[in-house]
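Some notes on the structure that comes next.
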Amino acid sequence: MKAVYVGRHVLLPAQERGVRELGLEVVKKIENLPDGAELNKLINDLKNEGIQAVITIALPPHLLASLSKAFRVFVFEMRSSTVPTINDAEKWVAEAPERRTYLPGRPGEPVRIMEFIGINETKVVIESRRVWTA
């Protein structure tokens, strides 16, 4: 199944394996999604290219809802924590580099560590009703 990956990060080896074993083929990468009419145009263009699925790590709910209307949506589930130093993060990643990574923070901030847990197929539907009007 042809898929687009929405994200800035390089996939971890375990993520690539999971995508492949699910029968997904990433044929395009998009770092940032537009909003509004531009998003609708992008969705139509992707459908015309034969894209059937979207793979991502995290997106705002309104974007997931828009994508869920047009495609199967797969989200990488990541467990996240922090460690005090880059050295701690590198040591932790070295224990399982195929599924672990880290994002350095600003100087003096903790380092965010993340471990890939699995892939979830996700459908987001937003229901809205006005409860107060100005």
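Every chain in the structure tokens takes a letter, A first, then B, and so on in the order presented; its residues are numbered from 1, and the ligands are numbered from 1 following the presented order.
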
Counting only C-alpha atoms, which residues in segment 7-101 of chain A sit no more than 6 Å from segment 110-127 of chain A? For each one, give the nearest pair of atoms and the distance in Å, sorted by chain then residue number, as a tab-separated table.
```
residue	atom	partner	partner_atom	distance
A:Leu64	CA	A:Val124	CA	5.9
A:Ala65	CA	A:Val124	CA	4.6
A:Ser68	CA	A:Lys123	CA	5.4
A:Val73	CA	A:Thr122	CA	5.4
A:Phe74	CA	A:Glu121	CA	4.4
A:Val75	CA	A:Asn120	CA	5.2
A:Phe76	CA	A:Ile119	CA	4.6
A:Glu77	CA	A:Gly118	CA	5.3
A:Met78	CA	A:Phe116	CA	4.6
A:Arg79	CA	A:Glu115	CA	5.1
A:Ser80	CA	A:Met114	CA	4.4
A:Ser81	CA	A:Ile113	CA	5.4
A:Thr82	CA	A:Arg112	CA	4.4
A:Val83	CA	A:Val111	CA	5.3
A:Pro84	CA	A:Pro110	CA	4.7
A:Arg99	CA	A:Phe116	CA	5.1
A:Arg100	CA	A:Glu115	CA	4.5
A:Thr101	CA	A:Met114	CA	5.5
```

Per-residue nearest contacts segment 41-126 of chain A to segment 7-22 of chain A, cut-off 7 Å, using only C-alpha atoms, as JSON lines:
```
{"residue": "A:Thr56", "atom": "CA", "partner": "A:Gly7", "partner_atom": "CA", "distance": 6.0}
{"residue": "A:Ile57", "atom": "CA", "partner": "A:Gly7", "partner_atom": "CA", "distance": 6.8}
{"residue": "A:Glu98", "atom": "CA", "partner": "A:Pro13", "partner_atom": "CA", "distance": 4.9}
{"residue": "A:Arg99", "atom": "CA", "partner": "A:Ala14", "partner_atom": "CA", "distance": 5.4}
```

(Q) Can you pull out every residue from segment 4-133 of chain A that DSSP, working from the backbone, puts in strand (DSSP E), and format the result as a ChimeraX atom specification? (A) /A:4-6,25-30,53-56,72-83,100-103,111-122

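Taking atom CA of Ala58 of chain A and atom CA of Pro97 of chain A as the two end points, the separation is 20.8 Å.
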
Q: Just list the residues in segment 44-132 of chain A DSSP gives alpha helix (DSSP H) on the backbone, as a VMD selection string.
A: chain A and resid 44 to 48 61 to 70 86 to 94

Writer output for current selection, C-alpha atoms, as a JSON list (two decimals), in the first residue's frame:
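Written output follows (part-v1.json):
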```
[["chain", "number", "residue", "atom", "x", "y", "z"],
["A", 44, "ASN", "CA", -6.60, 15.45, -3.27],
["A", 45, "ASP", "CA", -3.15, 15.47, -4.90],
["A", 46, "LEU", "CA", -1.99, 12.55, -2.73],
["A", 47, "LYS", "CA", -5.15, 10.57, -3.54],
["A", 48, "ASN", "CA", -4.53, 11.22, -7.26],
["A", 61, "PRO", "CA", -6.07, 16.23, 16.30],
["A", 62, "HIS", "CA", -7.63, 18.46, 13.62],
["A", 63, "LEU", "CA", -4.98, 17.34, 11.10],
["A", 64, "LEU", "CA", -5.40, 13.68, 12.06],
["A", 65, "ALA", "CA", -9.17, 14.06, 11.62],
["A", 66, "SER", "CA", -8.76, 15.55, 8.13],
["A", 67, "LEU", "CA", -6.34, 12.82, 7.10],
["A", 68, "SER", "CA", -8.56, 10.10, 8.63],
["A", 69, "LYS", "CA", -11.37, 11.05, 6.26],
["A", 70, "ALA", "CA", -9.23, 10.29, 3.22],
["A", 86, "ILE", "CA", 23.49, 13.73, 26.52],
["A", 87, "ASN", "CA", 25.89, 11.06, 27.82],
["A", 88, "ASP", "CA", 23.01, 9.40, 29.70],
["A", 89, "ALA", "CA", 20.87, 9.56, 26.56],
["A", 90, "GLU", "CA", 23.58, 8.08, 24.34],
["A", 91, "LYS", "CA", 24.17, 5.24, 26.81],
["A", 92, "TRP", "CA", 20.42, 4.49, 26.92],
["A", 93, "VAL", "CA", 20.09, 4.58, 23.11],
["A", 94, "ALA", "CA", 23.12, 2.27, 22.72]]
```
